[in-house]
Amino acid sequence: MAVVGSLLVAPTAASAAGTASISGTVIDQGSTLPIQGITVTLWNSDLPLTDVANASTDENGEYSLEGLDAGTYKLSFTGVGPTANYRPAWYPSGTFFPNATPFTLADAETLVADAELVTEATIQGTVVGADGPTGDELFVQAWEEDGGEYTSVGGDLVEWDTNPVSWEIDLLPGTYVLNFSDQRPDGPGTYRTEVYDNVFAFEDGVEITVVSSQVFDVPQVTMTTLGPVANERLSGANRYETAVAVSQQFDSFAGAEGSYVYIASGANYPDALSAGPAAAFRDAPLLLTEGTSLPTAVRNELIRLQPETVIIAGGSAVVSNSVRSAIDAVVDTVVRIGGANRYETSRLLVDDAFPSASDAFIATGANFPDALAATAAAAKKSAPVILVDGTASSVPSATRSLIGSGGLGVTDVYIAGGTAVVSNGVSSSLAGIDSVSSVTRLGGADRYATSVLINSELFVTQDVGDDPNAFFAVGTGFADALAGAALAGAQDPSAPLFTVPRTCVPSDVLDLFETMKVEKIWLLGGTAVLTNGVRDLTAC
């Protein structure tokens, strides 16, 4: 049986009665030995595919097609030799019928058409669907890289009606990456497409190199609805070095005009909560410092970044003047933004960074989880996070002025957290500001549910599928997450930040991951902060 591309065609008996002929010898390209048993088929040159004559090579690798009419044809060499499968070849060139070169055979011509065949390799394996067979088709493709470009060079399309389902691809010797996709007639199927092994991009795939006659067994691949999610952990020996590890995701500014770095106390959270969105708005990292001394790792990172300006968030009671002097020694311009309390500092930081804003997030200044989750969401909308006293009956006049038409001109306000953390009185007060047209509360039963609500509102309903990254921070501590919130907001596009338990991921988060098609998670902190259970997306 002849193999033409992926089409199997049984040659019919030769019936030509002309005066032309074709003969030749078929040898193994690797050894130059003759190959017996290769099917040689003469085809018409145009579709529909019709074979005109066929023969088989003898022990000397020789064949002959006699009594042929003059005409234009294509000639194929296919089949199994004594010891190996051979890659189909075409005379004078080509890899399958559509791209095979046609040739013209003259009346009474005797054409010599020799061929050298290459022994194929086989890559094979099995695939398991986490939720069972789909009843669709599994499409496994082999891709070859050349100068950064990937070309599909073979594949296998099989009915996915068993679990596991087997697949097999015959290829020329070479180096390949594989991808697996669940196919329906009308588009993608149940499971998410992935590249072997557990990645999405071809350049991240495991390369498989095969030689002639080799059978390469790929370990069983498991496909899931969520799909494989790459991960990267950003951590250091302490909270200051973790912030440096996050900051190192930013390129050096080399003193560029308008470049910033924010620095806040690592001993407490309030000033950093408003500094994070401001930093994200300015595509700037947020570093942490001890109150009375600048950690060496932070100093070295400032030297690497070379920003034009460093903004210290908070007064001298939280970040001392000795720290400011140490920063002054390595940076041209240092600006301190600090008020009489955390709420005034929040307003000053926002007023400095944002010339205007159509959206703003409001969070309690008495705790950190809701404001942390809001940071990345705020960055997505180029919005600030403004801290308030959540137990108060209204917002102070200074906050009303900042938000209103004489300040930022905010029209849409989002409250991060339920009524237990930001009162209904605060909500009503915000709704009464002259520029505000809507107030939306995003508050769940706990800090984790609030995180899901915020990210569902800002990263799914408004821009489905546009945010492949996500950040995880532990919901019971603030230190490692503060700097990460600025990085999440500075992503392009901005990435959501989820607060999660130390050892697992809430099922609501995993459900949202499916909808958002998250491809990579960033874990903020070491394994003592977020265990490998979180890394592996273990459900709570």
# chains A, B, ... in the order shown; residues from 1 in each chain; ligands from 1
$ residues_around --residues "A:Asp351" --least-positions-apart "5" --cutoff "12 Å" --atoms "only C-alpha atoms" --output "list of chain:residue names"
A:Ser274, A:Ala275, A:Ala278, A:Ile337, A:Gly338, A:Glu344, A:Thr345, A:Ser346, A:Ser356, A:Ala357, A:Ala383, A:Pro384, A:Val385, A:Ile386, A:Ala398, A:Thr399, A:Ser401, A:Leu402, A:Ile403, A:Gly406, A:Gly407, A:Leu408, A:Gly409
$ write_last_selection --atoms "N, CA and C atoms" --output "compact mmCIF listing (two decimals), in the first residue's frame"
# COMPACT_ATOMS: atom_id res chain seq x y z
N SER A 274 -0.60 52.15 49.43
CA SER A 274 -0.88 53.17 48.42
C SER A 274 0.30 53.40 47.51
N ALA A 275 1.52 53.13 48.01
CA ALA A 275 2.71 53.29 47.17
C ALA A 275 2.73 52.26 46.04
N ALA A 278 0.74 53.39 42.98
CA ALA A 278 1.44 54.53 42.40
C ALA A 278 2.67 54.06 41.64
N ILE A 337 7.47 61.50 50.78
CA ILE A 337 6.04 61.82 50.80
C ILE A 337 5.45 61.15 52.03
N GLY A 338 5.14 61.96 53.03
CA GLY A 338 4.62 61.43 54.29
C GLY A 338 3.71 62.41 54.96
N GLU A 344 -3.38 60.29 55.52
CA GLU A 344 -2.85 61.46 54.83
C GLU A 344 -1.71 61.06 53.90
N THR A 345 -0.85 60.14 54.35
CA THR A 345 0.22 59.65 53.47
C THR A 345 -0.36 59.03 52.21
N SER A 346 -1.44 58.26 52.36
CA SER A 346 -2.08 57.64 51.20
C SER A 346 -2.55 58.71 50.22
N SER A 356 -4.97 62.57 37.18
CA SER A 356 -6.42 62.37 37.17
C SER A 356 -6.67 60.87 37.17
N ALA A 357 -7.92 60.49 37.43
CA ALA A 357 -8.26 59.06 37.41
C ALA A 357 -9.77 58.93 37.32
N ALA A 383 -5.66 53.21 38.15
CA ALA A 383 -6.39 53.81 39.26
C ALA A 383 -5.57 53.75 40.54
N PRO A 384 -5.80 54.67 41.47
CA PRO A 384 -5.14 54.62 42.77
C PRO A 384 -5.88 53.74 43.76
N VAL A 385 -5.20 53.37 44.84
CA VAL A 385 -5.83 52.78 46.01
C VAL A 385 -5.72 53.81 47.14
N ILE A 386 -6.85 54.23 47.65
CA ILE A 386 -6.90 55.25 48.70
C ILE A 386 -7.35 54.59 49.99
N ALA A 398 -10.84 65.86 53.16
CA ALA A 398 -9.63 65.81 52.34
C ALA A 398 -9.72 64.69 51.30
N THR A 399 -10.31 63.56 51.69
CA THR A 399 -10.47 62.45 50.76
C THR A 399 -11.54 62.79 49.71
N SER A 401 -12.24 65.73 48.61
CA SER A 401 -11.64 66.71 47.69
C SER A 401 -10.70 66.02 46.70
N LEU A 402 -9.95 65.04 47.18
CA LEU A 402 -9.02 64.32 46.30
C LEU A 402 -9.79 63.57 45.21
N ILE A 403 -10.89 62.93 45.59
CA ILE A 403 -11.65 62.11 44.65
C ILE A 403 -12.48 62.96 43.70
N GLY A 406 -12.78 68.59 41.69
CA GLY A 406 -11.66 69.50 41.88
C GLY A 406 -10.34 68.79 42.07
N GLY A 407 -10.37 67.45 42.16
CA GLY A 407 -9.15 66.66 42.33
C GLY A 407 -8.95 65.71 41.17
N LEU A 408 -9.06 64.42 41.44
CA LEU A 408 -8.83 63.41 40.40
C LEU A 408 -9.98 63.33 39.40
N GLY A 409 -11.18 63.69 39.83
CA GLY A 409 -12.34 63.57 38.94
C GLY A 409 -12.81 62.14 38.77
$ residues_around --residues "A:Ala267" --least-positions-apart "3" --cutoff "10 Å" --atoms "only C-alpha atoms" --output "VMD selection string"
chain A and resid 239 to 240 264 270 288 to 291 318 to 319 478 to 479
$ write_last_selection --atoms "all heavy atoms" --output "short mmCIF file (atom, residue, chain, number, x, y, z; two decimals), in the first residue's frame"
data_model
loop_
_atom_site.label_atom_id
_atom_site.label_comp_id
_atom_site.auth_asym_id
_atom_site.auth_seq_id
_atom_site.Cartn_x
_atom_site.Cartn_y
_atom_site.Cartn_z
N ARG A 239 12.29 39.57 53.98
CA ARG A 239 11.33 40.39 53.21
C ARG A 239 12.01 41.43 52.34
O ARG A 239 11.52 41.77 51.26
CB ARG A 239 10.34 41.06 54.16
CG ARG A 239 10.97 42.02 55.15
CD ARG A 239 9.95 42.49 56.19
NE ARG A 239 9.49 41.36 56.98
CZ ARG A 239 8.50 41.44 57.89
NH1 ARG A 239 7.88 42.59 58.09
NH2 ARG A 239 8.14 40.38 58.57
N TYR A 240 13.16 41.92 52.78
CA TYR A 240 13.87 42.95 52.01
C TYR A 240 14.50 42.34 50.75
O TYR A 240 14.45 42.93 49.66
CB TYR A 240 14.91 43.63 52.89
CG TYR A 240 14.32 44.12 54.19
CD1 TYR A 240 14.58 43.47 55.40
CD2 TYR A 240 13.44 45.20 54.19
CE1 TYR A 240 13.99 43.90 56.58
CE2 TYR A 240 12.85 45.64 55.37
CZ TYR A 240 13.12 44.98 56.57
OH TYR A 240 12.53 45.40 57.73
N ALA A 264 9.41 51.85 50.87
CA ALA A 264 8.52 51.94 52.03
C ALA A 264 9.06 51.05 53.14
O ALA A 264 9.90 50.17 52.91
CB ALA A 264 7.11 51.51 51.64
N PRO A 270 0.93 50.03 55.93
CA PRO A 270 0.02 51.05 55.39
C PRO A 270 0.59 51.90 54.27
O PRO A 270 -0.08 52.10 53.24
CB PRO A 270 -0.30 51.90 56.63
CG PRO A 270 -0.11 50.97 57.78
CD PRO A 270 1.04 50.11 57.39
N LEU A 288 11.55 47.62 49.91
CA LEU A 288 11.30 47.77 51.34
C LEU A 288 12.60 48.05 52.07
O LEU A 288 13.68 47.62 51.63
CB LEU A 288 10.65 46.50 51.90
CG LEU A 288 9.35 46.04 51.24
CD1 LEU A 288 8.83 44.78 51.91
CD2 LEU A 288 8.29 47.14 51.28
N THR A 289 12.50 48.74 53.16
CA THR A 289 13.68 49.05 53.95
C THR A 289 13.39 48.89 55.44
O THR A 289 12.22 48.98 55.87
CB THR A 289 14.17 50.49 53.69
OG1 THR A 289 15.34 50.73 54.47
CG2 THR A 289 13.11 51.52 54.05
N GLU A 290 14.43 48.66 56.21
CA GLU A 290 14.32 48.74 57.67
C GLU A 290 14.12 50.20 58.04
O GLU A 290 14.46 51.12 57.29
CB GLU A 290 15.56 48.17 58.32
CG GLU A 290 15.76 46.69 58.05
CD GLU A 290 17.06 46.16 58.61
OE1 GLU A 290 17.95 46.99 58.92
OE2 GLU A 290 17.21 44.93 58.72
N GLY A 291 13.58 50.41 59.22
CA GLY A 291 13.27 51.77 59.61
C GLY A 291 14.48 52.67 59.82
O GLY A 291 14.43 53.87 59.51
N VAL A 318 8.80 56.41 60.30
CA VAL A 318 8.75 55.04 59.77
C VAL A 318 9.96 54.73 58.88
O VAL A 318 10.41 53.58 58.84
CB VAL A 318 7.44 54.78 58.99
CG1 VAL A 318 6.26 54.74 59.94
CG2 VAL A 318 7.22 55.82 57.92
N VAL A 319 10.46 55.71 58.16
CA VAL A 319 11.69 55.56 57.38
C VAL A 319 12.60 56.72 57.77
O VAL A 319 12.34 57.88 57.40
CB VAL A 319 11.43 55.57 55.86
CG1 VAL A 319 12.75 55.44 55.08
CG2 VAL A 319 10.49 54.44 55.46
N PHE A 478 1.89 40.32 55.14
CA PHE A 478 1.96 41.37 54.12
C PHE A 478 3.34 41.52 53.49
O PHE A 478 3.47 42.03 52.38
CB PHE A 478 1.56 42.71 54.73
CG PHE A 478 2.48 43.19 55.83
CD1 PHE A 478 3.65 43.88 55.53
CD2 PHE A 478 2.19 42.93 57.15
CE1 PHE A 478 4.50 44.31 56.54
CE2 PHE A 478 3.03 43.34 58.16
CZ PHE A 478 4.20 44.04 57.85
N ALA A 479 4.39 41.08 54.18
CA ALA A 479 5.75 41.51 53.82
C ALA A 479 6.14 41.14 52.40
O ALA A 479 6.59 41.99 51.63
CB ALA A 479 6.75 40.93 54.82
#
$ residues_around --residues "A:Ala142" --least-positions-apart "6" --cutoff "6 Å" --atoms "only C-alpha atoms" --output "list of chain:residue names"
A:Ser152, A:Val153, A:Gly154, A:Gly155, A:Tyr176, A:Val177, A:Leu178
$ select_by_dssp --residues "stretch 221-311 of chain A" --states "strand (DSSP E or B)" --output "ChimeraX atom specification"
/A:221-223,230-234,260-265,286-289,309-311
$ residues_around --residues "A:Ala100" --least-positions-apart "4" --cutoff "10 Å" --atoms "only C-alpha atoms" --output "VMD selection string"
chain A and resid 45 73 to 76 89 to 96
$ write_last_selection --atoms "all heavy atoms" --output "JSON list (two decimals), in the first residue's frame"
[["chain", "number", "residue", "atom", "x", "y", "z"],
["A", 45, "SER", "N", -0.46, 13.78, -12.68],
["A", 45, "SER", "CA", 0.15, 14.94, -12.03],
["A", 45, "SER", "C", -0.85, 15.83, -11.30],
["A", 45, "SER", "O", -0.44, 16.71, -10.53],
["A", 45, "SER", "CB", 0.91, 15.79, -13.06],
["A", 45, "SER", "OG", 0.02, 16.25, -14.06],
["A", 73, "TYR", "N", 3.69, 13.40, -15.14],
["A", 73, "TYR", "CA", 3.44, 12.49, -14.03],
["A", 73, "TYR", "C", 4.14, 12.97, -12.75],
["A", 73, "TYR", "O", 4.96, 13.89, -12.76],
["A", 73, "TYR", "CB", 3.96, 11.09, -14.37],
["A", 73, "TYR", "CG", 3.33, 10.46, -15.59],
["A", 73, "TYR", "CD1", 4.00, 10.46, -16.81],
["A", 73, "TYR", "CD2", 2.09, 9.85, -15.51],
["A", 73, "TYR", "CE1", 3.44, 9.87, -17.93],
["A", 73, "TYR", "CE2", 1.51, 9.26, -16.63],
["A", 73, "TYR", "CZ", 2.19, 9.27, -17.84],
["A", 73, "TYR", "OH", 1.62, 8.69, -18.95],
["A", 74, "LYS", "N", 3.82, 12.23, -11.68],
["A", 74, "LYS", "CA", 4.59, 12.29, -10.43],
["A", 74, "LYS", "C", 4.94, 10.86, -10.05],
["A", 74, "LYS", "O", 4.15, 9.94, -10.31],
["A", 74, "LYS", "CB", 3.79, 12.98, -9.32],
["A", 74, "LYS", "CG", 3.51, 14.47, -9.59],
["A", 74, "LYS", "CD", 2.79, 15.13, -8.42],
["A", 74, "LYS", "CE", 2.54, 16.61, -8.70],
["A", 74, "LYS", "NZ", 1.90, 17.31, -7.55],
["A", 75, "LEU", "N", 6.12, 10.70, -9.42],
["A", 75, "LEU", "CA", 6.63, 9.35, -9.13],
["A", 75, "LEU", "C", 6.99, 9.26, -7.65],
["A", 75, "LEU", "O", 7.75, 10.09, -7.13],
["A", 75, "LEU", "CB", 7.85, 9.06, -9.99],
["A", 75, "LEU", "CG", 8.45, 7.66, -9.91],
["A", 75, "LEU", "CD1", 7.49, 6.62, -10.50],
["A", 75, "LEU", "CD2", 9.81, 7.61, -10.63],
["A", 76, "SER", "N", 6.44, 8.24, -6.95],
["A", 76, "SER", "CA", 6.69, 8.09, -5.51],
["A", 76, "SER", "C", 7.38, 6.78, -5.20],
["A", 76, "SER", "O", 7.24, 5.77, -5.92],
["A", 76, "SER", "CB", 5.38, 8.17, -4.73],
["A", 76, "SER", "OG", 4.56, 7.04, -5.00],
["A", 89, "ALA", "N", 9.50, 9.21, -0.63],
["A", 89, "ALA", "CA", 10.25, 10.17, -1.44],
["A", 89, "ALA", "C", 9.58, 10.30, -2.79],
["A", 89, "ALA", "O", 8.83, 9.41, -3.23],
["A", 89, "ALA", "CB", 11.70, 9.71, -1.59],
["A", 90, "TRP", "N", 9.88, 11.42, -3.47],
["A", 90, "TRP", "CA", 9.29, 11.69, -4.78],
["A", 90, "TRP", "C", 10.39, 12.06, -5.76],
["A", 90, "TRP", "O", 11.39, 12.69, -5.40],
["A", 90, "TRP", "CB", 8.27, 12.83, -4.69],
["A", 90, "TRP", "CG", 7.06, 12.44, -3.89],
["A", 90, "TRP", "CD1", 6.95, 12.41, -2.54],
["A", 90, "TRP", "CD2", 5.82, 12.01, -4.41],
["A", 90, "TRP", "NE1", 5.70, 11.98, -2.16],
["A", 90, "TRP", "CE2", 4.98, 11.73, -3.29],
["A", 90, "TRP", "CE3", 5.31, 11.82, -5.69],
["A", 90, "TRP", "CZ2", 3.66, 11.29, -3.43],
["A", 90, "TRP", "CZ3", 4.00, 11.39, -5.84],
["A", 90, "TRP", "CH2", 3.19, 11.12, -4.72],
["A", 91, "TYR", "N", 10.21, 11.65, -6.99],
["A", 91, "TYR", "CA", 11.16, 12.00, -8.05],
["A", 91, "TYR", "C", 10.59, 13.17, -8.85],
["A", 91, "TYR", "O", 9.40, 13.13, -9.23],
["A", 91, "TYR", "CB", 11.40, 10.81, -8.99],
["A", 91, "TYR", "CG", 12.21, 11.18, -10.21],
["A", 91, "TYR", "CD1", 13.61, 11.19, -10.16],
["A", 91, "TYR", "CD2", 11.58, 11.55, -11.42],
["A", 91, "TYR", "CE1", 14.35, 11.56, -11.28],
["A", 91, "TYR", "CE2", 12.31, 11.93, -12.52],
["A", 91, "TYR", "CZ", 13.70, 11.92, -12.45],
["A", 91, "TYR", "OH", 14.43, 12.30, -13.55],
["A", 92, "PRO", "N", 11.37, 14.21, -9.12],
["A", 92, "PRO", "CA", 12.76, 14.40, -8.70],
["A", 92, "PRO", "C", 12.88, 15.03, -7.32],
["A", 92, "PRO", "O", 13.97, 15.04, -6.74],
["A", 92, "PRO", "CB", 13.32, 15.34, -9.78],
["A", 92, "PRO", "CG", 12.12, 16.15, -10.20],
["A", 92, "PRO", "CD", 10.95, 15.22, -10.11],
["A", 93, "SER", "N", 11.75, 15.57, -6.76],
["A", 93, "SER", "CA", 11.81, 16.16, -5.42],
["A", 93, "SER", "C", 10.40, 16.28, -4.87],
["A", 93, "SER", "O", 9.40, 16.20, -5.62],
["A", 93, "SER", "CB", 12.47, 17.54, -5.46],
["A", 93, "SER", "OG", 11.70, 18.45, -6.24],
["A", 94, "GLY", "N", 10.30, 16.48, -3.57],
["A", 94, "GLY", "CA", 9.01, 16.64, -2.92],
["A", 94, "GLY", "C", 8.90, 15.76, -1.70],
["A", 94, "GLY", "O", 9.66, 14.79, -1.54],
["A", 95, "THR", "N", 7.94, 16.10, -0.84],
["A", 95, "THR", "CA", 7.73, 15.31, 0.38],
["A", 95, "THR", "C", 6.36, 14.66, 0.42],
["A", 95, "THR", "O", 6.16, 13.68, 1.13],
["A", 95, "THR", "CB", 7.90, 16.21, 1.61],
["A", 95, "THR", "OG1", 7.01, 17.34, 1.50],
["A", 95, "THR", "CG2", 9.33, 16.71, 1.75],
["A", 96, "PHE", "N", 5.38, 15.18, -0.33],
["A", 96, "PHE", "CA", 4.08, 14.52, -0.45],
["A", 96, "PHE", "C", 3.44, 15.03, -1.75],
["A", 96, "PHE", "O", 3.98, 15.93, -2.42],
["A", 96, "PHE", "CB", 3.19, 14.76, 0.77],
["A", 96, "PHE", "CG", 2.88, 16.20, 1.06],
["A", 96, "PHE", "CD1", 1.59, 16.67, 0.94],
["A", 96, "PHE", "CD2", 3.87, 17.08, 1.51],
["A", 96, "PHE", "CE1", 1.29, 17.98, 1.22],
["A", 96, "PHE", "CE2", 3.57, 18.39, 1.80],
["A", 96, "PHE", "CZ", 2.28, 18.85, 1.65]]
$ atom_distance --atom1 "atom CA of A:Leu512" --atom2 "atom CA of A:Gly390"
28.2 Å
$ atom_distance --atom1 "atom CA of A:Gly61" --atom2 "atom CA of A:Tyr86"
13.5 Å
$ residues_around --residues "A:Thr375" --least-positions-apart "6" --cutoff "7 Å" --atoms "only C-alpha atoms" --output "NGL selection string"
:A and (276-277 or 385 or 485 or 489)
$ write_last_selection --atoms "N, CA and C atoms" --output "short mmCIF file (atom, residue, chain, number, x, y, z; two decimals), in the first residue's frame"
data_model
loop_
_atom_site.label_atom_id
_atom_site.label_comp_id
_atom_site.auth_asym_id
_atom_site.auth_seq_id
_atom_site.Cartn_x
_atom_site.Cartn_y
_atom_site.Cartn_z
N GLY A 276 2.20 51.05 46.29
CA GLY A 276 2.22 50.00 45.27
C GLY A 276 1.49 50.39 43.99
N PRO A 277 0.23 50.84 44.06
CA PRO A 277 -0.46 51.27 42.84
C PRO A 277 0.20 52.47 42.18
N VAL A 385 -5.20 53.37 44.84
CA VAL A 385 -5.83 52.78 46.01
C VAL A 385 -5.72 53.81 47.14
N ALA A 485 2.89 43.28 44.57
CA ALA A 485 1.69 43.95 44.08
C ALA A 485 2.05 44.99 43.03
N GLY A 489 0.95 44.87 38.98
CA GLY A 489 0.32 45.98 38.30
C GLY A 489 1.12 46.50 37.13
#
$ closest_residue --among "A:Leu294, A:Gly189, A:Pro369, A:Asp332" --to "A:Gly255" --atoms "only C-alpha atoms"
A:Asp332
$ atom_distance --atom1 "atom CA of A:Ala53" --atom2 "atom CA of A:Val112"
15.6 Å
$ residues_around --residues "A:Ile303" --least-positions-apart "2" --cutoff "10 Å" --atoms "only C-alpha atoms" --output "CSV table (one decimal) with N, CA, C and O atoms, in the first residue's frame"
chain,number,residue,atom,x,y,z
A,252,SER,N,17.1,47.9,34.3
A,252,SER,CA,17.7,49.2,34.8
A,252,SER,C,17.2,50.4,34.0
A,252,SER,O,16.9,50.3,32.8
A,254,ALA,N,18.8,53.3,34.1
A,254,ALA,CA,20.0,54.0,33.6
A,254,ALA,C,19.8,55.5,33.7
A,254,ALA,O,20.3,56.3,32.8
A,297,ALA,N,21.4,44.8,50.3
A,297,ALA,CA,20.8,44.2,49.1
A,297,ALA,C,19.9,45.3,48.4
A,297,ALA,O,19.9,45.4,47.2
A,298,VAL,N,19.2,46.1,49.2
A,298,VAL,CA,18.4,47.2,48.7
A,298,VAL,C,19.3,48.3,48.1
A,298,VAL,O,19.0,48.8,47.0
A,299,ARG,N,20.3,48.7,48.8
A,299,ARG,CA,21.3,49.7,48.3
A,299,ARG,C,21.8,49.2,46.9
A,299,ARG,O,21.9,50.0,45.9
A,300,ASN,N,22.2,48.0,46.8
A,300,ASN,CA,22.8,47.4,45.6
A,300,ASN,C,21.8,47.4,44.5
A,300,ASN,O,22.1,47.7,43.3
A,301,GLU,N,20.5,47.2,44.8
A,301,GLU,CA,19.5,47.2,43.8
A,301,GLU,C,19.2,48.6,43.3
A,301,GLU,O,19.0,48.8,42.1
A,305,LEU,N,19.4,49.7,39.4
A,305,LEU,CA,18.2,50.3,38.7
A,305,LEU,C,18.6,51.7,38.2
A,305,LEU,O,18.0,52.1,37.1
A,306,GLN,N,19.3,52.5,38.9
A,306,GLN,CA,19.7,53.8,38.5
A,306,GLN,C,18.4,54.6,38.1
A,306,GLN,O,18.3,55.2,37.0
A,307,PRO,N,17.5,54.8,39.0
A,307,PRO,CA,16.3,55.6,38.7
A,307,PRO,C,16.7,57.1,38.8
A,307,PRO,O,17.7,57.5,39.5
A,327,ILE,N,20.2,56.6,50.8
A,327,ILE,CA,19.7,56.6,49.5
A,327,ILE,C,20.2,57.7,48.7
A,327,ILE,O,20.6,57.6,47.5
A,329,ALA,N,23.0,58.9,48.8
A,329,ALA,CA,24.4,58.6,48.4
A,329,ALA,C,24.5,57.9,47.1
A,329,ALA,O,25.6,57.9,46.4
A,330,VAL,N,23.4,57.3,46.6
A,330,VAL,CA,23.5,56.5,45.4
A,330,VAL,C,22.5,56.9,44.3
A,330,VAL,O,22.5,56.4,43.2
A,331,VAL,N,21.6,57.9,44.6
A,331,VAL,CA,20.6,58.3,43.7
A,331,VAL,C,20.6,59.9,43.7
A,331,VAL,O,20.8,60.5,44.7
